[in-house]
file entry-v5.csv (CSV, C-alpha atoms and all ligand atoms)
chain,number,residue,atom,x,y,z
A,126,MET,CA,110.0,72.7,108.7
A,127,ARG,CA,108.4,72.1,105.3
A,128,ILE,CA,106.0,74.9,105.8
A,129,GLU,CA,108.9,77.1,106.8
A,130,SER,CA,110.9,76.5,103.7
A,131,GLY,CA,107.7,76.7,101.7
A,132,LEU,CA,106.9,80.1,103.2
A,133,ARG,CA,110.5,81.3,102.4
A,134,HIS,CA,109.9,80.2,98.9
A,135,ALA,CA,106.5,81.8,98.8
A,136,LEU,CA,108.1,85.2,99.7
A,137,GLY,CA,110.4,85.1,96.8
A,138,ASN,CA,107.9,83.5,94.4
A,139,GLY,CA,105.0,85.9,94.6
A,140,GLU,CA,102.7,83.5,96.4
A,141,LEU,CA,101.5,85.9,99.0
A,142,LEU,CA,98.6,88.3,98.4
A,143,LEU,CA,96.5,90.7,100.4
A,144,HIS,CA,92.8,90.7,101.0
A,145,TYR,CA,91.1,93.9,102.3
A,146,GLN,CA,88.3,93.9,104.9
A,147,PRO,CA,86.4,97.2,104.9
A,148,LYS,CA,85.9,99.2,108.0
A,149,PHE,CA,82.8,101.3,108.3
A,150,SER,CA,81.8,104.4,110.2
A,151,ILE,CA,78.7,103.5,112.3
A,152,ASP,CA,77.3,107.0,111.9
A,153,SER,CA,77.5,107.4,108.2
A,154,GLY,CA,77.6,103.7,107.2
A,155,LYS,CA,80.4,104.6,104.8
A,156,ILE,CA,83.7,102.8,104.2
A,157,ILE,CA,86.4,104.7,106.0
A,158,GLY,CA,89.3,102.2,105.7
A,159,ALA,CA,90.3,98.6,105.3
A,160,GLU,CA,92.4,96.1,107.1
A,161,ALA,CA,95.0,94.3,104.9
A,162,LEU,CA,95.1,90.6,105.6
A,163,VAL,CA,97.7,88.4,104.1
A,164,ARG,CA,97.0,85.1,102.4
A,165,TRP,CA,99.3,82.5,100.9
A,166,ARG,CA,98.3,81.1,97.5
A,167,HIS,CA,100.0,77.7,97.9
A,168,PRO,CA,100.4,75.8,94.6
A,169,VAL,CA,99.0,72.6,96.1
A,170,ARG,CA,97.1,73.6,99.3
A,171,GLY,CA,95.3,76.5,97.7
A,172,LEU,CA,94.6,79.7,99.6
A,173,VAL,CA,96.2,79.3,103.1
A,174,PRO,CA,94.8,81.6,105.8
A,175,PRO,CA,97.2,83.6,108.0
A,176,ALA,CA,96.2,81.7,111.1
A,177,GLU,CA,98.0,78.7,109.5
A,178,PHE,CA,101.3,80.3,108.8
A,179,ILE,CA,101.6,83.6,110.8
A,180,PRO,CA,102.2,81.9,114.1
A,181,LEU,CA,105.0,79.8,112.6
A,182,ALA,CA,106.4,82.9,110.8
A,183,GLU,CA,106.4,84.6,114.2
A,184,ALA,CA,108.2,81.7,115.9
A,185,THR,CA,110.9,81.5,113.2
A,186,GLY,CA,111.4,85.2,112.7
A,187,LEU,CA,110.2,85.0,109.1
A,188,VAL,CA,107.4,87.3,110.0
A,189,VAL,CA,109.8,90.2,109.6
A,190,GLN,CA,110.2,89.4,105.9
A,191,VAL,CA,106.5,88.7,105.6
A,192,GLY,CA,105.8,92.1,107.2
A,193,GLU,CA,108.2,93.8,104.8
A,194,TRP,CA,106.3,92.3,101.9
A,195,VAL,CA,102.9,93.2,103.4
A,196,LEU,CA,103.8,96.9,104.0
A,197,GLU,CA,105.2,97.2,100.5
A,198,ALA,CA,102.2,95.5,98.9
A,199,ALA,CA,99.7,97.5,100.9
A,200,CYS,CA,101.4,100.8,100.0
A,201,ALA,CA,101.6,99.8,96.3
A,202,GLN,CA,97.9,99.0,96.4
A,203,ALA,CA,97.0,102.3,98.2
A,204,LYS,CA,99.0,104.2,95.6
A,205,LEU,CA,97.0,102.5,92.8
A,206,TRP,CA,93.7,103.4,94.5
A,207,LYS,CA,94.9,106.9,95.0
A,208,ASP,CA,95.9,107.3,91.4
A,209,ALA,CA,92.6,105.8,90.2
A,210,GLY,CA,90.9,108.8,92.0
A,211,LEU,CA,89.3,106.7,94.7
A,212,PRO,CA,88.4,108.5,97.9
A,213,PRO,CA,91.2,108.6,100.4
A,214,ILE,CA,90.9,105.8,103.0
A,215,ARG,CA,93.1,104.5,105.7
A,216,LEU,CA,94.7,101.1,105.0
A,217,ALA,CA,95.7,99.2,108.1
A,218,VAL,CA,98.6,96.7,108.1
A,219,ASN,CA,99.0,94.2,111.0
A,220,VAL,CA,102.5,94.4,112.6
A,221,SER,CA,103.8,91.6,114.7
A,222,ALA,CA,105.7,92.3,117.9
A,223,ARG,CA,108.9,91.0,116.3
A,224,GLU,CA,108.6,93.6,113.5
A,225,PHE,CA,108.2,96.5,116.0
A,226,THR,CA,111.8,97.5,116.1
A,227,SER,CA,113.8,100.7,115.8
A,228,THR,CA,114.2,100.2,112.1
A,229,LEU,CA,110.4,100.1,111.5
A,230,PRO,CA,109.7,103.9,111.4
A,231,GLY,CA,112.5,104.5,108.8
A,232,ARG,CA,111.2,101.7,106.7
A,233,VAL,CA,107.6,103.0,106.9
A,234,GLN,CA,108.9,106.5,105.9
A,235,ASP,CA,110.9,105.1,103.0
A,236,THR,CA,108.0,103.1,101.7
A,237,LEU,CA,105.6,106.0,101.8
A,238,THR,CA,108.2,108.2,100.0
A,239,ARG,CA,108.9,105.7,97.3
A,240,TYR,CA,105.2,105.4,96.5
A,241,GLY,CA,104.5,109.1,96.9
A,242,LEU,CA,101.8,108.2,99.4
A,243,GLU,CA,100.5,110.6,102.1
A,244,PRO,CA,101.0,109.1,105.6
A,245,SER,CA,97.2,109.5,106.2
A,246,TRP,CA,96.7,106.5,104.0
A,247,LEU,CA,98.4,104.2,106.4
A,248,GLU,CA,97.7,102.7,109.8
A,249,LEU,CA,99.6,100.1,111.7
A,250,GLU,CA,97.7,97.6,113.9
A,251,ILE,CA,99.7,96.4,116.8
A,252,THR,CA,98.8,93.8,119.3
A,253,GLU,CA,99.2,93.7,123.0
A,254,SER,CA,102.1,91.3,122.8
A,255,THR,CA,104.1,94.2,121.3
A,256,LEU,CA,103.6,96.1,124.5
A,257,MET,CA,105.2,93.3,126.6
A,258,ASN,CA,108.6,94.4,125.4
A,259,ASN,CA,110.6,97.2,127.0
A,260,ILE,CA,107.8,99.7,127.2
A,261,ASP,CA,109.9,102.9,126.9
A,262,ARG,CA,111.5,101.5,123.8
A,263,VAL,CA,108.1,100.6,122.4
A,264,ILE,CA,106.7,104.1,123.1
A,265,GLY,CA,109.8,105.6,121.5
A,266,ILE,CA,109.1,103.6,118.3
A,267,MET,CA,105.4,104.5,118.4
A,268,ASP,CA,106.2,108.2,118.8
A,269,ARG,CA,108.5,108.0,115.7
A,270,ILE,CA,105.8,106.4,113.7
A,271,THR,CA,103.0,108.8,114.7
A,272,ALA,CA,105.4,111.7,114.0
A,273,LEU,CA,105.4,110.6,110.4
A,274,GLY,CA,101.6,111.1,110.3
A,275,VAL,CA,100.9,107.3,110.3
A,276,THR,CA,98.3,106.2,112.9
A,277,LEU,CA,98.4,103.3,115.2
A,278,SER,CA,95.6,101.1,116.5
A,279,LEU,CA,95.7,98.6,119.3
A,280,ASP,CA,94.4,95.3,118.0
A,281,ASP,CA,92.9,92.5,120.2
A,282,PHE,CA,92.5,95.0,123.0
A,283,GLY,CA,91.7,93.4,126.3
A,284,THR,CA,92.7,89.9,125.4
A,285,GLY,CA,96.2,90.0,126.7
A,286,TYR,CA,98.4,92.0,129.1
A,287,SER,CA,97.4,95.6,129.0
A,288,SER,CA,98.3,97.9,131.7
A,289,LEU,CA,96.0,100.9,131.9
A,290,SER,CA,98.8,103.0,133.4
A,291,TYR,CA,100.7,102.6,130.1
A,292,LEU,CA,97.7,102.9,127.9
A,293,LYS,CA,97.5,106.6,128.5
A,294,ARG,CA,101.1,107.0,127.3
A,295,PHE,CA,100.6,105.3,124.0
A,296,PRO,CA,100.2,107.6,121.0
A,297,ILE,CA,97.4,105.5,119.6
A,298,ASP,CA,94.5,106.6,117.5
A,299,THR,CA,92.1,103.7,117.8
A,300,LEU,CA,91.3,100.8,120.2
A,301,LYS,CA,90.0,97.6,118.5
A,302,ILE,CA,87.4,95.6,120.5
A,303,ASP,CA,88.4,92.0,119.9
A,304,ARG,CA,86.1,89.6,118.1
A,305,SER,CA,86.0,87.3,121.2
A,306,PHE,CA,84.1,90.1,123.0
A,307,THR,CA,81.9,91.1,120.1
A,308,ILE,CA,80.7,87.5,119.7
A,309,GLY,CA,78.9,87.6,123.0
A,310,ILE,CA,76.9,90.8,122.3
A,311,PRO,CA,74.1,91.1,123.3
A,312,ALA,CA,73.4,87.8,125.0
A,313,ASP,CA,76.4,87.6,127.3
A,314,ALA,CA,76.3,90.3,130.0
A,315,ASN,CA,80.0,90.1,130.6
A,316,ASP,CA,80.9,90.7,127.0
A,317,CYS,CA,78.5,93.6,126.9
A,318,ALA,CA,80.1,95.1,130.0
A,319,ILE,CA,83.6,94.6,128.6
A,320,ALA,CA,82.7,96.2,125.3
A,321,ASN,CA,81.1,99.1,127.1
A,322,THR,CA,84.2,99.5,129.3
A,323,ILE,CA,86.5,99.5,126.3
A,324,ILE,CA,84.4,102.1,124.6
A,325,SER,CA,84.4,104.2,127.7
A,326,ILE,CA,88.1,104.0,128.1
A,327,ALA,CA,88.6,105.0,124.5
A,328,GLN,CA,86.3,107.9,124.8
A,329,GLN,CA,88.0,109.2,128.0
A,330,LEU,CA,91.5,108.8,126.5
A,331,LYS,CA,90.2,110.5,123.3
A,332,HIS,CA,90.8,107.5,121.1
A,333,LYS,CA,88.5,106.2,118.5
A,334,VAL,CA,87.1,102.7,119.0
A,335,ILE,CA,86.2,100.0,116.4
A,336,ALA,CA,84.6,96.6,117.0
A,337,GLU,CA,85.7,93.7,114.9
A,338,GLY,CA,83.8,90.5,114.1
A,339,VAL,CA,80.4,92.2,113.9
A,340,GLU,CA,78.1,89.6,112.5
A,341,THR,CA,74.6,90.6,113.5
A,342,VAL,CA,72.3,93.6,113.5
A,343,GLU,CA,71.8,93.2,117.2
A,344,GLN,CA,75.5,93.6,117.8
A,345,LEU,CA,75.6,96.7,115.6
A,346,ALA,CA,72.6,98.2,117.5
A,347,PHE,CA,74.3,97.6,120.8
A,348,LEU,CA,77.6,99.1,119.6
A,349,LYS,CA,76.0,102.1,118.1
A,350,ASN,CA,74.0,102.8,121.2
A,351,SER,CA,77.2,102.4,123.3
A,352,GLY,CA,79.0,105.0,121.3
A,353,CYS,CA,81.3,102.8,119.2
A,354,ASP,CA,82.7,104.7,116.3
A,355,GLU,CA,83.5,102.1,113.7
A,356,VAL,CA,82.7,98.5,112.8
A,357,GLN,CA,84.2,95.7,110.8
A,358,GLY,CA,82.8,92.2,110.3
A,359,TYR,CA,80.9,89.7,108.2
A,360,LEU,CA,77.6,91.7,108.7
A,361,PHE,CA,79.1,94.3,106.3
A,362,SER,CA,81.8,92.5,104.4
A,363,ARG,CA,84.3,89.6,104.4
A,364,PRO,CA,87.9,90.4,103.5
A,365,LEU,CA,87.8,91.1,99.7
A,366,GLU,CA,90.2,90.8,96.8
A,367,ALA,CA,91.6,94.2,95.7
A,368,ASP,CA,89.2,94.6,92.8
A,369,ALA,CA,86.1,93.7,94.9
A,370,PHE,CA,87.2,96.1,97.6
A,371,GLU,CA,87.7,98.9,95.0
A,372,GLN,CA,84.2,98.2,93.7
A,373,ALA,CA,82.7,98.3,97.3
A,374,LEU,CA,84.5,101.6,97.9
A,375,ARG,CA,83.2,103.2,94.7
A,376,GLU,CA,79.6,102.1,95.7
A,377,ASN,CA,79.7,102.9,99.4
A,378,TRP,CA,81.8,106.0,100.2
B,401,LIG,O1,92.3,86.9,107.8
B,401,LIG,P1,92.3,86.0,109.0
B,401,LIG,O2,91.1,86.2,109.9
B,401,LIG,O3,92.5,84.6,108.7
B,401,LIG,O4,93.6,86.5,109.9
B,401,LIG,C1,93.9,85.8,111.0
B,401,LIG,C2,95.0,86.6,111.8
B,401,LIG,O5,96.2,86.7,111.1
B,401,LIG,C3,94.5,88.0,111.9
B,401,LIG,O6,93.8,88.2,113.1
B,401,LIG,C4,95.8,88.8,112.0
B,401,LIG,O7,96.2,89.1,113.3
B,401,LIG,C5,96.8,87.9,111.4
B,401,LIG,N1,97.3,88.5,110.2
B,401,LIG,C6,96.7,88.7,109.0
B,401,LIG,N2,97.4,89.3,108.1
B,401,LIG,C7,98.6,89.6,108.8
B,401,LIG,C8,99.8,90.3,108.4
B,401,LIG,O8,99.9,90.8,107.3
B,401,LIG,N3,100.8,90.4,109.3
B,401,LIG,C9,100.6,89.9,110.6
B,401,LIG,N4,101.6,90.0,111.4
B,401,LIG,N5,99.5,89.2,111.0
B,401,LIG,C10,98.5,89.1,110.1
B,402,LIG,O1,93.5,89.1,114.2
B,402,LIG,P1,92.8,90.1,113.4
B,402,LIG,O2,91.8,90.7,114.1
B,402,LIG,O3,93.8,91.1,112.8
B,402,LIG,O4,92.2,89.3,112.2
B,402,LIG,C1,90.9,89.5,111.7
B,402,LIG,C2,90.4,88.1,111.2
B,402,LIG,O5,89.1,87.9,111.5
B,402,LIG,C3,90.6,88.0,109.7
B,402,LIG,O6,91.1,86.7,109.4
B,402,LIG,C4,89.1,87.9,109.2
B,402,LIG,O7,88.9,87.1,108.1
B,402,LIG,C5,88.3,87.5,110.4
B,402,LIG,N1,87.1,88.1,110.5
B,402,LIG,C6,86.8,89.3,110.1
B,402,LIG,N2,85.5,89.6,110.4
B,402,LIG,C7,84.9,88.5,110.9
B,402,LIG,C8,83.6,88.2,111.4
B,402,LIG,O8,82.7,89.0,111.4
B,402,LIG,N3,83.5,87.0,112.0
B,402,LIG,C9,84.5,86.1,112.0
B,402,LIG,N4,84.2,84.9,112.6
B,402,LIG,N5,85.7,86.3,111.6
B,402,LIG,C10,86.0,87.5,111.0
B,403,MN,MN,94.1,93.2,112.9
B,404,NA,NA,91.9,91.0,116.3
call {"tool": "encode", "arguments": {"input": "entry-v5.csv", "output": "structure tokens"}}
result
Amino acid sequence: MRIESGLRHALGNGELLLHYQPKFSIDSGKIIGAEALVRWRHPVRGLVPPAEFIPLAEATGLVVQVGEWVLEAACAQAKLWKDAGLPPIRLAVNVSAREFTSTLPGRVQDTLTRYGLEPSWLELEITESTLMNNIDRVIGIMDRITALGVTLSLDDFGTGYSSLSYLKRFPIDTLKIDRSFTIGIPADANDCAIANTIISIAQQLKHKVIAEGVETVEQLAFLKNSGCDEVQGYLFSRPLEADAFEQALRENW
């Protein structure tokens, strides 16, 4: 309860901020995008990671307001980078199941318009829990979002309920291999098999595939050999403050 009222206060009080974790093309080694990750700069507790407040925000519904703030902040930042002449990248925003409603496409369009931002700058990462709602409704919202030119990626793929028969109907651009699978590469034969299977599904459905949580050169070598397109993880970069990300982008694009 205290954390809930604290979070409500944080929203109005400018205590949330975004960090940006770069995403890299395996082929070129260049930064091709970033994932925006929210943090809460708490006056007493310091920098609170999302794992400590997003689940609560999801349970209380506050995640809708958090999500509104995140989309706004991410687009504002992308606009600053664009105006600074930085190379165009795709900035990914995590969207909770509770935010994935019929009002989302309009809000996305409105935000892009207000910032004068091309839709190619924005990606939404949705999780499998989003897909557990009425599937035709979800696909309708997805279609409206992709019609704007904004791409969708499927986060935490393979960790939850995912029906392969629906997967082919989703207008998604990218599948994300969850960190819980990446972690076992190359020692765990099951994790290797799962990663290879996800890559194969992505290729056959004409989606891109990114592995998250890449921490070792052995993982990178395996993923490259398996045909994975993109990587994200501590081997390359932790989530960075905006200035540090901008610096990384200038150096490695
Ligand atoms: O940055 P960190 O690894 O602590 O993030 C933990 C999790 O919190 C992420 O896996 C992500 O799913 C979630 N998360 C981070 N930022 C956001 C956000 O802006 N919105 C939502 N809904 N979830 C987020
Ligand atoms: O749930 P989601 O995948 O959106 O969140 C990504 C989270 O994973 C972020 O909080 C980020 O800080 C964390 N993360 C990113 N890369 C790595 C990594 O290579 N190793 C570990 N252990 N965590 C990572
Ligand atoms: Mn994510
Ligand atoms: Na994930």
call {"tool": "residues_around", "arguments": {"input": "entry-v5.csv", "residues": "segment 296-310 of chain A", "least_positions_apart": "3", "cutoff": "9 Å", "atoms": "all atoms listed in the file", "output": "number ranges by chain"}}
result
A: 250, 264, 267-268, 271, 276-284, 292-293, 313-317, 319-320, 323-324, 327, 331-340, 343-344, 347-348, 358
call {"tool": "write_last_selection", "arguments": {"input": "entry-v5.csv", "atoms": "C-alpha atoms", "output": "JSON list (two decimals), keeping the file's coordinate frame"}}
result
[["chain", "number", "residue", "atom", "x", "y", "z"],
["A", 250, "GLU", "CA", 97.70, 97.60, 113.90],
["A", 264, "ILE", "CA", 106.70, 104.10, 123.10],
["A", 267, "MET", "CA", 105.40, 104.50, 118.40],
["A", 268, "ASP", "CA", 106.20, 108.20, 118.80],
["A", 271, "THR", "CA", 103.00, 108.80, 114.70],
["A", 276, "THR", "CA", 98.30, 106.20, 112.90],
["A", 277, "LEU", "CA", 98.40, 103.30, 115.20],
["A", 278, "SER", "CA", 95.60, 101.10, 116.50],
["A", 279, "LEU", "CA", 95.70, 98.60, 119.30],
["A", 280, "ASP", "CA", 94.40, 95.30, 118.00],
["A", 281, "ASP", "CA", 92.90, 92.50, 120.20],
["A", 282, "PHE", "CA", 92.50, 95.00, 123.00],
["A", 283, "GLY", "CA", 91.70, 93.40, 126.30],
["A", 284, "THR", "CA", 92.70, 89.90, 125.40],
["A", 292, "LEU", "CA", 97.70, 102.90, 127.90],
["A", 293, "LYS", "CA", 97.50, 106.60, 128.50],
["A", 313, "ASP", "CA", 76.40, 87.60, 127.30],
["A", 314, "ALA", "CA", 76.30, 90.30, 130.00],
["A", 315, "ASN", "CA", 80.00, 90.10, 130.60],
["A", 316, "ASP", "CA", 80.90, 90.70, 127.00],
["A", 317, "CYS", "CA", 78.50, 93.60, 126.90],
["A", 319, "ILE", "CA", 83.60, 94.60, 128.60],
["A", 320, "ALA", "CA", 82.70, 96.20, 125.30],
["A", 323, "ILE", "CA", 86.50, 99.50, 126.30],
["A", 324, "ILE", "CA", 84.40, 102.10, 124.60],
["A", 327, "ALA", "CA", 88.60, 105.00, 124.50],
["A", 331, "LYS", "CA", 90.20, 110.50, 123.30],
["A", 332, "HIS", "CA", 90.80, 107.50, 121.10],
["A", 333, "LYS", "CA", 88.50, 106.20, 118.50],
["A", 334, "VAL", "CA", 87.10, 102.70, 119.00],
["A", 335, "ILE", "CA", 86.20, 100.00, 116.40],
["A", 336, "ALA", "CA", 84.60, 96.60, 117.00],
["A", 337, "GLU", "CA", 85.70, 93.70, 114.90],
["A", 338, "GLY", "CA", 83.80, 90.50, 114.10],
["A", 339, "VAL", "CA", 80.40, 92.20, 113.90],
["A", 340, "GLU", "CA", 78.10, 89.60, 112.50],
["A", 343, "GLU", "CA", 71.80, 93.20, 117.20],
["A", 344, "GLN", "CA", 75.50, 93.60, 117.80],
["A", 347, "PHE", "CA", 74.30, 97.60, 120.80],
["A", 348, "LEU", "CA", 77.60, 99.10, 119.60],
["A", 358, "GLY", "CA", 82.80, 92.20, 110.30]]
call {"tool": "closest_residue", "arguments": {"input": "entry-v5.csv", "among": "A:Leu216, A:Val356, A:Ala209, A:Ala182", "to": "Ile128 of chain A", "atoms": "only C-alpha atoms"}}
result
A:Ala182
call {"tool": "closest_residue", "arguments": {"input": "entry-v5.csv", "among": "A:Ala161, A:Leu242, A:Leu289, A:Leu229", "to": "Arg269 of chain A", "atoms": "only C-alpha atoms"}}
result
A:Leu229
call {"tool": "atom_distance", "arguments": {"input": "entry-v5.csv", "atom1": "atom CA of Gly241 of chain A", "atom2": "atom CA of Phe149 of chain A"}}
result
25.7 Å
call {"tool": "residues_near_ligand", "arguments": {"input": "entry-v5.csv", "ligand": "ligand MN 403 (chain B)", "cutoff": "8 Å", "atoms": "only C-alpha atoms and all ligand atoms", "output": "ChimeraX atom specification"}}
result
/A:160,162,217-219,250-252,280-281
call {"tool": "write_last_selection", "arguments": {"input": "entry-v5.csv", "atoms": "C-alpha atoms", "output": "tab-separated table (two decimals), in the frame of the given file"}}
result
chain	number	residue	atom	x	y	z
A	160	GLU	CA	92.40	96.10	107.10
A	162	LEU	CA	95.10	90.60	105.60
A	217	ALA	CA	95.70	99.20	108.10
A	218	VAL	CA	98.60	96.70	108.10
A	219	ASN	CA	99.00	94.20	111.00
A	250	GLU	CA	97.70	97.60	113.90
A	251	ILE	CA	99.70	96.40	116.80
A	252	THR	CA	98.80	93.80	119.30
A	280	ASP	CA	94.40	95.30	118.00
A	281	ASP	CA	92.90	92.50	120.20
call {"tool": "atom_distance", "arguments": {"input": "entry-v5.csv", "atom1": "atom CA of Phe295 of chain A", "atom2": "atom CA of Thr255 of chain A"}}
result
11.9 Å
call {"tool": "atom_distance", "arguments": {"input": "entry-v5.csv", "atom1": "atom CA of Ala272 of chain A", "atom2": "atom CA of Glu197 of chain A"}}
result
19.8 Å
call {"tool": "closest_residue", "arguments": {"input": "entry-v5.csv", "among": "A:Asn377, A:Thr341, A:Ser245, A:Gln234", "to": "Ala312 of chain A", "atoms": "all atoms listed in the file"}}
result
A:Thr341
call {"tool": "closest_residue", "arguments": {"input": "entry-v5.csv", "among": "A:Leu247, A:Val220, A:Asp261, A:Leu360", "to": "ligand NA 404 (chain B)", "atoms": "only C-alpha atoms and all ligand atoms"}}
result
A:Val220
call {"tool": "residues_around", "arguments": {"input": "entry-v5.csv", "residues": "Ile214 of chain A", "least_positions_apart": "2", "cutoff": "6 Å", "atoms": "all atoms listed in the file", "output": "JSON, numbers by chain"}}
result
{"A": [157, 158, 246]}
call {"tool": "write_last_selection", "arguments": {"input": "entry-v5.csv", "atoms": "C-alpha atoms", "output": "CSV table (one decimal), in the frame of the given file"}}
result
chain,number,residue,atom,x,y,z
A,157,ILE,CA,86.4,104.7,106.0
A,158,GLY,CA,89.3,102.2,105.7
A,246,TRP,CA,96.7,106.5,104.0
call {"tool": "closest_residue", "arguments": {"input": "entry-v5.csv", "among": "A:Lys349, A:Asn258, A:Ala135, A:Val342", "to": "Phe361 of chain A", "atoms": "only C-alpha atoms"}}
result
A:Val342
call {"tool": "residues_around", "arguments": {"input": "entry-v5.csv", "residues": "Cys200 of chain A", "least_positions_apart": "3", "cutoff": "7 Å", "atoms": "all atoms listed in the file", "output": "VMD selection string"}}
result
chain A and resid 196 to 197 203 to 204 237 240
call {"tool": "residues_around", "arguments": {"input": "entry-v5.csv", "residues": "Gly285 of chain A", "least_positions_apart": "5", "cutoff": "10 Å", "atoms": "all atoms listed in the file", "output": "list of chain:residue names"}}
result
A:Thr252, A:Glu253, A:Ser254, A:Leu256, A:Met257
call {"tool": "closest_residue", "arguments": {"input": "entry-v5.csv", "among": "A:Glu371, A:Glu366, A:Glu243, A:Asp152", "to": "ligand LIG 402 (chain B)", "atoms": "only C-alpha atoms and all ligand atoms"}}
result
A:Glu366
